[in-house]
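Text of protein27.txt (compact mmCIF, C-alpha atoms and all ligand atoms) as supplied:
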```
# COMPACT_ATOMS: atom_id res chain seq x y z
CA MET A 1 24.00 41.65 35.14
CA THR A 2 24.93 45.04 33.77
CA ALA A 3 27.74 47.33 34.74
CA LYS A 4 27.08 50.49 36.74
CA LEU A 5 24.59 52.78 35.00
CA LYS A 6 25.82 56.02 33.47
CA ASN A 7 22.40 57.65 33.91
CA ASP A 8 20.49 56.56 37.01
CA LEU A 9 18.05 59.51 37.28
CA PHE A 10 15.09 57.16 36.74
CA LEU A 11 16.13 54.80 39.55
CA ARG A 12 16.84 57.73 41.86
CA ALA A 13 13.35 59.14 41.23
CA LEU A 14 11.90 55.69 42.01
CA LYS A 15 13.77 55.70 45.33
CA GLY A 16 12.42 59.17 46.09
CA GLU A 17 15.86 60.81 46.07
CA ASP A 18 16.35 64.48 45.16
CA VAL A 19 17.33 64.96 41.50
CA PRO A 20 18.48 67.99 39.46
CA ARG A 21 15.61 67.36 36.99
CA PRO A 22 13.01 64.61 36.70
CA PRO A 23 13.72 61.65 34.39
CA VAL A 24 11.63 61.18 31.25
CA TRP A 25 10.45 58.28 29.08
CA MET A 26 7.27 57.69 27.05
CA MET A 27 4.86 54.78 27.20
CA ARG A 28 5.00 52.94 23.84
CA GLN A 29 8.18 54.85 22.99
CA ALA A 30 9.32 51.86 20.91
CA GLY A 31 6.59 52.22 18.34
CA ARG A 32 4.90 53.31 15.20
CA TYR A 33 5.67 57.05 15.28
CA LEU A 34 9.34 56.17 14.55
CA PRO A 35 10.36 55.73 10.88
CA GLU A 36 13.09 53.24 11.92
CA PHE A 37 10.39 51.15 13.67
CA ILE A 38 8.11 51.24 10.63
CA ALA A 39 10.98 50.01 8.43
CA LEU A 40 11.28 46.88 10.60
CA ARG A 41 7.53 46.49 10.99
CA ASP A 42 7.13 46.33 7.23
CA LYS A 43 9.57 43.38 7.09
CA TYR A 44 8.49 41.25 10.07
CA ASP A 45 5.07 40.58 11.60
CA PHE A 46 4.31 41.65 15.15
CA PHE A 47 5.02 38.47 17.13
CA THR A 48 8.12 37.72 15.02
CA ARG A 49 9.46 41.07 16.21
CA CYS A 50 8.61 40.13 19.82
CA GLN A 51 10.08 36.61 19.56
CA THR A 52 13.35 37.48 17.81
CA PRO A 53 15.76 38.87 20.42
CA GLU A 54 17.90 40.64 17.78
CA LEU A 55 14.80 42.55 16.56
CA ALA A 56 13.23 43.18 19.97
CA SER A 57 16.51 44.55 21.36
CA GLU A 58 17.07 46.71 18.27
CA ILE A 59 13.55 48.20 18.49
CA THR A 60 14.03 48.83 22.23
CA VAL A 61 17.15 50.96 21.68
CA GLN A 62 15.82 52.88 18.64
CA PRO A 63 14.12 55.66 20.66
CA ILE A 64 17.08 55.89 23.04
CA ARG A 65 19.48 56.48 20.14
CA ARG A 66 17.21 59.10 18.60
CA TYR A 67 16.15 61.03 21.72
CA GLY A 68 18.17 59.87 24.73
CA MET A 69 15.31 59.15 27.11
CA ASP A 70 16.31 58.35 30.71
CA ALA A 71 14.98 54.77 30.56
CA ALA A 72 14.40 52.12 27.91
CA ILE A 73 11.34 49.84 27.92
CA LEU A 74 11.78 46.39 26.46
CA PHE A 75 9.93 45.96 23.17
CA SER A 76 7.40 43.16 23.67
CA ASP A 77 3.68 42.96 24.42
CA ILE A 78 1.52 42.20 27.42
CA LEU A 79 -0.17 39.44 25.38
CA VAL A 80 2.92 37.19 25.25
CA VAL A 81 1.78 36.02 28.71
CA PRO A 82 -1.55 34.46 27.61
CA GLN A 83 0.30 32.97 24.62
CA ALA A 84 2.68 31.28 27.04
CA MET A 85 -0.37 30.00 28.96
CA ASP A 86 -1.51 28.17 25.82
CA ILE A 87 -4.13 30.72 24.78
CA ALA A 88 -3.64 31.60 21.10
CA VAL A 89 -3.14 35.33 20.39
CA GLU A 90 -2.83 36.89 16.95
CA MET A 91 -2.23 40.52 16.00
CA LYS A 92 -4.60 41.36 13.15
CA PRO A 93 -3.66 44.44 11.13
CA GLY A 94 -6.40 47.04 11.52
CA VAL A 95 -8.11 45.05 14.30
CA GLY A 96 -5.42 44.66 16.97
CA PRO A 97 -5.22 41.67 19.31
CA TRP A 98 -7.36 38.68 18.24
CA LEU A 99 -7.80 35.55 20.37
CA PRO A 100 -9.54 32.87 18.28
CA ASN A 101 -10.39 30.63 21.29
CA PRO A 102 -11.43 32.94 24.15
CA VAL A 103 -11.87 31.55 27.66
CA ARG A 104 -15.60 31.37 28.40
CA THR A 105 -16.32 28.36 30.68
CA PRO A 106 -14.87 26.73 33.82
CA ALA A 107 -13.59 23.89 31.58
CA ASP A 108 -11.75 26.48 29.45
CA VAL A 109 -10.15 27.86 32.62
CA ASP A 110 -9.02 24.35 33.64
CA ARG A 111 -7.23 23.98 30.31
CA VAL A 112 -5.20 27.18 30.81
CA VAL A 113 -1.59 26.31 31.62
CA VAL A 114 0.70 27.92 34.21
CA PRO A 115 3.92 27.59 32.21
CA ASP A 116 7.60 27.39 33.06
CA VAL A 117 8.43 30.95 32.04
CA ASN A 118 12.13 30.25 31.49
CA ASP A 119 11.06 27.88 28.81
CA SER A 120 8.01 29.47 27.17
CA LEU A 121 9.18 33.09 27.53
CA GLY A 122 12.91 32.42 27.22
CA TYR A 123 12.99 34.60 24.10
CA VAL A 124 12.04 37.64 26.21
CA LEU A 125 14.87 36.90 28.63
CA GLU A 126 17.31 36.63 25.73
CA ALA A 127 16.01 39.98 24.40
CA ILE A 128 16.80 41.51 27.82
CA ARG A 129 20.38 40.21 27.67
CA GLN A 130 20.90 41.54 24.15
CA THR A 131 19.29 44.89 24.98
CA ASN A 132 21.53 45.44 28.00
CA GLU A 133 24.54 44.68 25.81
CA LYS A 134 23.41 47.29 23.29
CA LEU A 135 22.59 49.84 25.98
CA ASP A 136 26.01 49.29 27.55
CA GLY A 137 24.90 50.80 30.88
CA GLU A 138 23.67 54.03 29.24
CA VAL A 139 20.19 53.95 30.87
CA PRO A 140 18.14 51.48 32.94
CA LEU A 141 15.84 48.95 31.27
CA ILE A 142 12.17 48.61 32.26
CA GLY A 143 10.43 45.24 32.04
CA PHE A 144 6.65 45.06 32.04
CA ALA A 145 3.57 42.89 32.20
CA GLY A 146 -0.14 43.45 31.96
CA ALA A 147 -2.05 43.51 35.25
CA PRO A 148 -4.06 40.28 35.65
CA TRP A 149 -7.38 42.07 35.08
CA THR A 150 -6.24 43.60 31.77
CA ILE A 151 -4.89 40.24 30.55
CA PHE A 152 -8.14 38.59 31.68
CA CYS A 153 -10.11 41.14 29.61
CA TYR A 154 -8.40 39.98 26.39
CA CYS A 155 -8.52 36.27 27.31
CA VAL A 156 -12.28 36.35 27.84
CA GLN A 157 -13.41 39.05 25.40
CA GLY A 158 -11.16 37.69 22.67
CA GLN A 159 -10.32 41.15 21.33
CA GLY A 160 -10.23 44.82 22.30
CA SER A 161 -13.57 46.34 23.29
CA LYS A 162 -15.18 49.59 24.39
CA SER A 163 -17.03 47.87 27.27
CA PHE A 164 -15.35 44.45 27.79
CA ASP A 165 -18.89 43.25 28.40
CA LYS A 166 -18.10 39.55 27.95
CA ALA A 167 -15.17 39.76 30.38
CA LYS A 168 -17.37 41.49 32.97
CA ALA A 169 -20.25 39.07 32.42
CA PHE A 170 -17.86 36.18 33.13
CA CYS A 171 -16.84 37.82 36.44
CA PHE A 172 -20.40 38.58 37.47
CA THR A 173 -21.97 35.23 36.50
CA GLN A 174 -19.09 32.79 37.13
CA PRO A 175 -16.97 34.49 39.80
CA GLU A 176 -15.25 31.28 40.93
CA ALA A 177 -14.02 30.43 37.45
CA ALA A 178 -13.05 34.10 36.90
CA HIS A 179 -10.95 34.12 40.06
CA ALA A 180 -9.38 30.79 39.12
CA LEU A 181 -8.24 32.34 35.82
CA LEU A 182 -7.05 35.53 37.53
CA ARG A 183 -5.02 33.39 39.97
CA LYS A 184 -3.35 31.50 37.11
CA ILE A 185 -2.49 34.77 35.35
CA THR A 186 -1.14 36.23 38.61
CA GLU A 187 1.04 33.19 39.29
CA THR A 188 2.47 33.27 35.76
CA THR A 189 3.05 37.04 35.90
CA ILE A 190 4.95 36.84 39.19
CA ALA A 191 7.26 34.13 37.84
CA TYR A 192 7.69 36.05 34.57
CA LEU A 193 8.58 39.37 36.21
CA LYS A 194 10.94 37.69 38.68
CA ALA A 195 12.72 36.01 35.76
CA LYS A 196 12.99 39.36 33.98
CA VAL A 197 14.54 40.97 37.06
CA ALA A 198 16.95 38.04 37.49
CA THR A 199 17.98 38.49 33.84
CA GLY A 200 18.67 42.22 34.11
CA VAL A 201 15.71 44.62 34.02
CA HIS A 202 16.13 47.41 36.57
CA ALA A 203 12.44 48.05 37.31
CA VAL A 204 9.08 46.63 36.30
CA GLN A 205 5.83 48.30 35.27
CA LEU A 206 2.37 46.76 35.47
CA PHE A 207 -0.11 48.03 32.87
CA ASP A 208 -3.73 47.91 34.05
CA SER A 209 -5.06 49.59 30.93
CA TRP A 210 -8.65 48.51 31.59
CA GLY A 211 -8.79 48.88 35.40
CA GLY A 212 -10.85 52.05 34.96
CA MET A 213 -13.65 50.01 33.35
CA LEU A 214 -14.56 48.64 36.80
CA SER A 215 -16.42 50.28 39.68
CA PRO A 216 -14.22 50.92 42.74
CA GLU A 217 -15.72 47.88 44.50
CA ASP A 218 -15.32 45.54 41.51
CA TYR A 219 -11.81 46.92 40.96
CA ARG A 220 -10.81 45.80 44.46
CA GLU A 221 -12.22 42.32 43.86
CA PHE A 222 -11.18 41.60 40.28
CA SER A 223 -8.06 43.71 39.82
CA TRP A 224 -6.43 45.31 42.81
CA GLN A 225 -6.00 42.23 45.06
CA TYR A 226 -3.98 40.53 42.30
CA ILE A 227 -1.84 43.61 41.62
CA GLN A 228 -1.10 43.76 45.36
CA GLN A 229 0.10 40.13 45.25
CA ILE A 230 2.46 40.98 42.38
CA VAL A 231 3.80 44.08 44.18
CA ASP A 232 4.38 42.01 47.35
CA ALA A 233 6.29 39.37 45.37
CA LEU A 234 8.41 41.77 43.27
CA LYS A 235 9.10 44.53 45.78
CA PRO A 236 12.02 42.67 47.44
CA VAL A 237 13.85 42.38 44.08
CA ALA A 238 13.01 45.50 42.04
CA PRO A 239 11.09 48.79 42.06
CA VAL A 240 7.51 48.32 40.82
CA ILE A 241 5.50 50.96 38.92
CA VAL A 242 1.73 50.47 38.76
CA PHE A 243 -0.04 52.22 35.88
CA ALA A 244 -3.77 51.73 36.31
CA LYS A 245 -5.52 53.83 33.69
CA GLY A 246 -8.69 55.56 34.86
CA CYS A 247 -8.16 54.40 38.44
CA TRP A 248 -7.76 57.73 40.23
CA PHE A 249 -10.31 56.41 42.76
CA ALA A 250 -7.71 53.84 43.89
CA LEU A 251 -4.71 56.19 44.15
CA ASP A 252 -4.83 56.33 47.94
CA THR A 253 -4.87 52.50 48.27
CA MET A 254 -2.21 52.10 45.59
CA SER A 255 0.07 54.63 47.31
CA ARG A 256 0.14 52.37 50.41
CA SER A 257 0.88 49.16 48.48
CA GLY A 258 4.67 49.07 48.56
CA ALA A 259 4.93 50.03 44.88
CA SER A 260 7.74 52.50 44.14
CA ALA A 261 5.68 54.65 41.77
CA LEU A 262 2.20 55.09 40.33
CA GLY A 263 1.36 56.06 36.77
CA VAL A 264 -1.45 58.58 36.35
CA ASP A 265 -3.44 59.54 33.28
CA TRP A 266 -4.41 63.06 32.18
CA THR A 267 -7.88 63.09 33.73
CA VAL A 268 -6.26 63.97 37.07
CA SER A 269 -4.35 67.21 37.68
CA PRO A 270 -0.88 66.94 39.23
CA GLN A 271 -2.17 68.68 42.35
CA VAL A 272 -5.08 66.27 42.81
CA ALA A 273 -2.84 63.23 42.17
CA ARG A 274 -0.42 64.50 44.84
CA GLN A 275 -3.29 65.10 47.25
CA LEU A 276 -4.82 61.65 46.71
CA THR A 277 -1.43 60.02 47.38
CA SER A 278 -0.58 62.41 50.27
CA GLY A 279 2.80 63.12 48.67
CA ARG A 280 4.08 59.72 49.82
CA ILE A 281 5.01 58.14 46.50
CA THR A 282 6.73 58.88 43.17
CA LEU A 283 4.21 59.69 40.43
CA GLN A 284 4.63 59.14 36.69
CA GLY A 285 2.71 60.81 33.85
CA ASN A 286 0.50 62.39 32.74
CA MET A 287 0.26 64.50 29.57
CA ASP A 288 -2.63 63.68 27.24
CA PRO A 289 -0.88 61.78 24.39
CA ALA A 290 -2.91 63.84 21.89
CA ARG A 291 -1.18 66.96 23.26
CA LEU A 292 1.92 65.86 21.33
CA LEU A 293 -0.06 67.03 18.29
CA SER A 294 0.14 70.64 19.62
CA PRO A 295 2.91 72.88 18.22
CA PRO A 296 6.37 72.18 19.78
CA GLY A 297 6.40 75.53 21.62
CA THR A 298 3.15 74.63 23.35
CA ILE A 299 4.43 71.14 24.20
CA ARG A 300 7.49 72.70 25.81
CA GLN A 301 5.41 75.08 27.93
CA MET A 302 3.05 72.31 28.99
CA VAL A 303 5.95 70.05 30.02
CA HIS A 304 7.42 72.79 32.20
CA GLU A 305 4.03 73.50 33.73
CA MET A 306 3.53 69.78 34.41
CA ILE A 307 6.91 69.54 36.18
CA ARG A 308 6.04 72.57 38.31
CA GLY A 309 2.67 70.93 39.07
CA PHE A 310 4.11 67.60 40.22
CA GLY A 311 7.38 69.05 41.56
CA LYS A 312 10.80 67.96 40.25
CA ASN A 313 11.33 65.29 42.93
CA ARG A 314 9.45 62.01 43.25
CA TYR A 315 8.33 62.52 39.69
CA ILE A 316 8.90 60.77 36.35
CA VAL A 317 7.80 62.69 33.25
CA ASN A 318 5.69 60.59 30.88
CA LEU A 319 2.48 60.66 28.89
CA GLY A 320 -0.82 59.61 30.45
CA HIS A 321 -1.02 56.64 28.03
CA GLY A 322 0.89 55.36 24.99
CA ILE A 323 2.21 57.72 22.32
CA LEU A 324 -0.07 57.94 19.24
CA PRO A 325 1.30 56.67 15.92
CA GLU A 326 0.55 59.96 14.11
CA VAL A 327 2.72 62.13 16.39
CA PRO A 328 5.41 63.95 14.33
CA ILE A 329 8.89 62.86 15.39
CA GLU A 330 9.94 66.47 16.12
CA HIS A 331 7.04 66.81 18.57
CA ALA A 332 8.14 63.73 20.51
CA GLY A 333 11.62 65.27 20.48
CA ALA A 334 10.28 68.57 21.87
CA PHE A 335 8.65 66.68 24.77
CA ILE A 336 11.91 64.93 25.74
CA GLN A 337 14.10 68.02 25.21
CA ALA A 338 11.80 70.22 27.33
CA VAL A 339 12.45 67.94 30.30
CA LYS A 340 16.22 67.98 29.76
CA ASP A 341 16.17 71.79 29.58
CA TYR A 342 14.13 72.14 32.77
CA HIS A 343 15.71 74.00 35.64
CA GLU A 344 14.09 75.53 38.68
CA GLY A 345 13.79 79.26 39.09
O1 LIG A 401 6.13 50.85 25.51
C1 LIG A 401 6.85 50.32 24.65
O2 LIG A 401 7.41 50.96 23.76
C2 LIG A 401 7.10 48.82 24.73
C3 LIG A 401 6.27 48.04 23.88
C4 LIG A 401 4.82 47.78 24.21
C5 LIG A 401 3.93 47.31 23.20
N1 LIG A 401 2.76 47.00 23.79
C6 LIG A 401 4.25 47.16 21.77
C7 LIG A 401 3.17 47.15 20.79
C8 LIG A 401 4.10 47.82 25.41
C9 LIG A 401 4.53 48.29 26.78
C10 LIG A 401 2.81 47.30 25.13
C11 LIG A 401 1.78 47.12 26.17
C12 LIG A 401 0.40 46.81 25.78
N2 LIG A 401 -0.04 46.01 24.76
C13 LIG A 401 -0.75 47.26 26.48
C14 LIG A 401 -0.72 48.11 27.73
C15 LIG A 401 -0.42 49.52 27.44
C16 LIG A 401 -1.53 50.27 26.78
O3 LIG A 401 -1.25 50.85 25.72
O4 LIG A 401 -2.64 50.30 27.32
C17 LIG A 401 -1.88 46.75 25.83
C18 LIG A 401 -3.32 46.97 26.23
C19 LIG A 401 -1.41 45.93 24.76
C20 LIG A 401 -2.23 45.13 23.81
C21 LIG A 401 -2.02 45.59 22.42
N3 LIG A 401 -0.89 45.34 21.67
C22 LIG A 401 -2.92 46.31 21.62
C23 LIG A 401 -4.29 46.81 22.10
C24 LIG A 401 -2.34 46.48 20.37
C25 LIG A 401 -2.96 47.00 19.13
C26 LIG A 401 -3.35 48.41 19.22
C27 LIG A 401 -2.21 49.30 18.88
O5 LIG A 401 -1.86 50.17 19.68
O6 LIG A 401 -1.73 49.12 17.74
C28 LIG A 401 -1.03 45.92 20.45
C29 LIG A 401 -0.01 45.93 19.38
C30 LIG A 401 1.27 46.60 19.71
N4 LIG A 401 2.02 46.40 20.84
C31 LIG A 401 1.95 47.53 18.88
C32 LIG A 401 3.15 47.87 19.55
C33 LIG A 401 4.24 48.76 19.06
C34 LIG A 401 1.48 48.03 17.51
C35 LIG A 401 1.31 46.98 16.48
C36 LIG A 401 2.50 46.79 15.56
O7 LIG A 401 3.56 47.39 15.76
O8 LIG A 401 2.34 46.02 14.60
```
Once more with this new file: its structure as structure tokens, please.
Amino acid sequence: MTAKLKNDLFLRALKGEDVPRPPVWMMRQAGRYLPEFIALRDKYDFFTRCQTPELASEITVQPIRRYGMDAAILFSDILVVPQAMDIAVEMKPGVGPWLPNPVRTPADVDRVVVPDVNDSLGYVLEAIRQTNEKLDGEVPLIGFAGAPWTIFCYCVQGQGSKSFDKAKAFCFTQPEAAHALLRKITETTIAYLKAKVATGVHAVQLFDSWGGMLSPEDYREFSWQYIQQIVDALKPVAPVIVFAKGCWFALDTMSRSGASALGVDWTVSPQVARQLTSGRITLQGNMDPARLLSPPGTIRQMVHEMIRGFGKNRYIVNLGHGILPEVPIEHAGAFIQAVKDYHEG
């Protein structure tokens, strides 16, 4: 485990404590807008970067060294989980995730393995150890996983999609097999996140990037019940952040789940997000990532307005989704600096 943290603003915001200013980090902060990331990307392919603890830990600390965010997020991917479950995943340049043998039948579901995570995902745990050594207690480290529904989408569709029609068709025509797969993903994810916490991450975030593709009713059946199981299992050991993109309709339910914080995207105003959660939970977000293409002065104003909108307490400044690769590095810097310069009055 790590020594006492020098900067614990992020963990204090997750506990709901009063803070002098809100903490800040950016989804996908370890990524392609950084020249130092691109230098490594050009040398090693995507899953080599994920599977080599020296590289994954180095990429994780790159944005912290450059900007001094208040939390680091471990460089990895949500798709290492299906890989560990014996479902092949490739990252095709220009295409994104590519699963050559998608899960489409009950027999396919039966073949999916619930692995020993210490074994199959041991490289992630080693990356956590090496990252905490490099961070030396500077800031907390966030571990993450995809929500079962979002992982299911890739496993069944076989690639990214605008509609995830094949994934939905599987749910609506073969619900028993769909739930069997969702249960296997949930079981693996719980073991994986618990192992991450035991190894040294300070909080975990669940990414339900495709939750908003479902109607509220289908969301409850195919996504939310499994997220709730993960929150129940992880809550005793670490703060849990749930980021369910496009799921403003579920904010009230999610705010009663035992999660420590909820991520929100930019389609909801701070005031509406606070109303829907009755002010009872820490919120994280929610600037449109494309707004980092605005001039730095505008970014600064928008950050201050966003903090006033959410309030400085029970709030973690972030984007409403991952940072875009074409964002100029000075613009990302303006976003982080605006938060550090914030003071009330
Ligand atoms: O936030 C961080 O900095 C940590 C690293 C991280 C990555 N992926 C690295 C990555 C995190 C948290 C993720 C999560 C992830 N991966 C999600 C959920 C968050 C979201 O953005 O909705 C999803 C849906 C994936 C699946 C995935 N991985 C896609 C769709 C792609 C290709 C599209 C893209 O953005 O390029 C990836 C590849 C990927 N994962 C990259 C990075 C930095 C880019 C590819 C590369 O570097 O070669």
For the contact check between region 240-266 of chain A and region 314-336 of chain A, emit one row per residue of region 240-266 of chain A within 12 Å, containing the shortest atom pair and the distance in Å rounded to one decimal, counting all atoms listed in the file, chain then rising number order, as a Markdown table.
```
| residue | atom | partner | partner_atom | distance |
| --- | --- | --- | --- | --- |
| A:Ile241 | CA | A:Ile316 | CA | 10.7 |
| A:Phe243 | CA | A:His321 | CA | 9.1 |
| A:Ala244 | CA | A:His321 | CA | 10.0 |
| A:Lys245 | CA | A:His321 | CA | 7.8 |
| A:Gly246 | CA | A:Gly320 | CA | 9.9 |
| A:Ser260 | CA | A:Arg314 | CA | 9.7 |
| A:Ala261 | CA | A:Arg314 | CA | 8.4 |
| A:Leu262 | CA | A:Ile316 | CA | 9.6 |
| A:Gly263 | CA | A:Gly320 | CA | 7.6 |
| A:Val264 | CA | A:Gly320 | CA | 6.0 |
| A:Asp265 | CA | A:Gly320 | CA | 3.9 |
| A:Trp266 | CA | A:Gly320 | CA | 5.3 |
```
A:Glu344, A:Asp42, A:Asp136, A:Asp252 ranked by distance to ligand LIG 401 (chain A), top pick (using only C-alpha atoms and all ligand atoms):
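Going through A:Glu344, A:Asp42, A:Asp136, A:Asp252 one by one, the smallest distance to ligand LIG 401 (chain A) is for A:Asp42.
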Hey, which of A:Arg32, A:Lys168, A:Lys134, A:Arg183 ends up closest to Arg104 (chain A)? Count all atoms listed in the file.
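Closest to Arg104 (chain A) of all the choices is A:Lys168.
With only C-alpha atoms as the atoms that count, the minimum distance from Lys312 (chain A) to the choices A:Thr298, A:Thr282, A:Ser163, A:Thr267 is reached by A:Thr282.
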Computed interatomic separation between atom N3 of ligand LIG 401 (chain A) and CA of Met27 (chain A) (Å)
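Distance between the two atoms: 12.4 Å.
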Could you state the separation of CA of Thr199 (chain A) and CA of Glu126 (chain A) in Å, given to one decimal place?
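Those two atoms sit 8.3 Å apart.
Proximity ranking of A:Val303, A:Ala145, A:Cys153, A:Val103 relative to Asn286 (chain A) places A:Val303 first, based on only C-alpha atoms.
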How many Å separate CA of Ala180 (chain A) from CA of Ala107 (chain A)?
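CA of Ala180 (chain A) sits 11.1 Å away from CA of Ala107 (chain A).
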If I put a ball of radius 10 Å at (6.3, 34.2, 38.0) in the file's coordinates, which residues poke into it when counting only C-alpha atoms, written as a PDB file with C-alpha atoms, keeping the file's coordinate frame?
```pdb
ATOM      1  CA  VAL A 114       0.700  27.920  34.210  1.00  0.00           C
ATOM      2  CA  PRO A 115       3.920  27.590  32.210  1.00  0.00           C
ATOM      3  CA  ASP A 116       7.600  27.390  33.060  1.00  0.00           C
ATOM      4  CA  VAL A 117       8.430  30.950  32.040  1.00  0.00           C
ATOM      5  CA  ASN A 118      12.130  30.250  31.490  1.00  0.00           C
ATOM      6  CA  ILE A 185      -2.490  34.770  35.350  1.00  0.00           C
ATOM      7  CA  THR A 186      -1.140  36.230  38.610  1.00  0.00           C
ATOM      8  CA  GLU A 187       1.040  33.190  39.290  1.00  0.00           C
ATOM      9  CA  THR A 188       2.470  33.270  35.760  1.00  0.00           C
ATOM     10  CA  THR A 189       3.050  37.040  35.900  1.00  0.00           C
ATOM     11  CA  ILE A 190       4.950  36.840  39.190  1.00  0.00           C
ATOM     12  CA  ALA A 191       7.260  34.130  37.840  1.00  0.00           C
ATOM     13  CA  TYR A 192       7.690  36.050  34.570  1.00  0.00           C
ATOM     14  CA  LEU A 193       8.580  39.370  36.210  1.00  0.00           C
ATOM     15  CA  LYS A 194      10.940  37.690  38.680  1.00  0.00           C
ATOM     16  CA  ALA A 195      12.720  36.010  35.760  1.00  0.00           C
ATOM     17  CA  LYS A 196      12.990  39.360  33.980  1.00  0.00           C
ATOM     18  CA  ILE A 230       2.460  40.980  42.380  1.00  0.00           C
ATOM     19  CA  ALA A 233       6.290  39.370  45.370  1.00  0.00           C
ATOM     20  CA  LEU A 234       8.410  41.770  43.270  1.00  0.00           C
TER      21      LEU A 234
END
```
Need to verify the contact set: Leu11 (chain A), 9 Å, all atoms listed in the file, exclusion of same-chain residues closer than 5 positions in sequence. Can you return it as a list in words?
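Final neighbour list, sorted by chain and number: Gly16, Glu17, Pro23, Pro140, His202, Ala203 and Pro239 of chain A.
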Pick from A:Ile87, A:Phe164, A:Ala178, A:Phe207 nearest to ligand LIG 401 (chain A), counting only C-alpha atoms and all ligand atoms
A:Phe207
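Comparing A:Asp70, A:Glu138, A:Asp208, A:Asp108 by their smallest distance to ligand LIG 401 (chain A), the closest is A:Asp208 (using all atoms listed in the file).
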First collect every listed atom of ligand LIG 401 (chain A); then fit an axis-aligned box around them, widen it by 6 Å on each side, and give centre and edge lengths in Å to one decimal, as lines of an AutoDock Vina configuration file.
```
center_x = 1.6
center_y = 48.0
center_z = 21.2
size_x = 23.7
size_y = 17.8
size_z = 25.1
```
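Within 12 Å of Gln275 (chain A), once only C-alpha atoms are used and residues closer than 3 positions along the same chain are dropped, the contacting residues are Trp248, Leu251, Asp252, Ser255, Val268, Ser269, Pro270, Gln271, Val272, Ser278, Gly279, Arg280, Ile281, Leu283, Gly309 and Phe310 of chain A.
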Neighbour list for Pro53 (chain A) as JSON, numbers by chain, cut-off 6 Å, all atoms listed in the file, skip fewer than 2 positions in-chain:
{"A": [55, 56, 57, 126, 127]}
Sel. within 10 Å of pt (-8.4, 41.6, 35.6), counting all atoms listed in the file, output as an mmCIF file with C-alpha atoms, in the frame of the given file:
```cif
data_model
loop_
_atom_site.group_PDB
_atom_site.id
_atom_site.type_symbol
_atom_site.label_atom_id
_atom_site.label_comp_id
_atom_site.auth_asym_id
_atom_site.auth_seq_id
_atom_site.Cartn_x
_atom_site.Cartn_y
_atom_site.Cartn_z
ATOM 1 C CA GLY A 146 -0.140 43.450 31.960
ATOM 2 C CA ALA A 147 -2.050 43.510 35.250
ATOM 3 C CA PRO A 148 -4.060 40.280 35.650
ATOM 4 C CA TRP A 149 -7.380 42.070 35.080
ATOM 5 C CA THR A 150 -6.240 43.600 31.770
ATOM 6 C CA ILE A 151 -4.890 40.240 30.550
ATOM 7 C CA PHE A 152 -8.140 38.590 31.680
ATOM 8 C CA CYS A 153 -10.110 41.140 29.610
ATOM 9 C CA TYR A 154 -8.400 39.980 26.390
ATOM 10 C CA CYS A 155 -8.520 36.270 27.310
ATOM 11 C CA ALA A 167 -15.170 39.760 30.380
ATOM 12 C CA LYS A 168 -17.370 41.490 32.970
ATOM 13 C CA CYS A 171 -16.840 37.820 36.440
ATOM 14 C CA ALA A 178 -13.050 34.100 36.900
ATOM 15 C CA HIS A 179 -10.950 34.120 40.060
ATOM 16 C CA LEU A 181 -8.240 32.340 35.820
ATOM 17 C CA LEU A 182 -7.050 35.530 37.530
ATOM 18 C CA ARG A 183 -5.020 33.390 39.970
ATOM 19 C CA ILE A 185 -2.490 34.770 35.350
ATOM 20 C CA THR A 186 -1.140 36.230 38.610
ATOM 21 C CA ASP A 208 -3.730 47.910 34.050
ATOM 22 C CA SER A 209 -5.060 49.590 30.930
ATOM 23 C CA TRP A 210 -8.650 48.510 31.590
ATOM 24 C CA GLY A 211 -8.790 48.880 35.400
ATOM 25 C CA LEU A 214 -14.560 48.640 36.800
ATOM 26 C CA ASP A 218 -15.320 45.540 41.510
ATOM 27 C CA TYR A 219 -11.810 46.920 40.960
ATOM 28 C CA GLU A 221 -12.220 42.320 43.860
ATOM 29 C CA PHE A 222 -11.180 41.600 40.280
ATOM 30 C CA SER A 223 -8.060 43.710 39.820
ATOM 31 C CA TRP A 224 -6.430 45.310 42.810
ATOM 32 C CA GLN A 225 -6.000 42.230 45.060
ATOM 33 C CA TYR A 226 -3.980 40.530 42.300
ATOM 34 C CA ILE A 227 -1.840 43.610 41.620
#
```
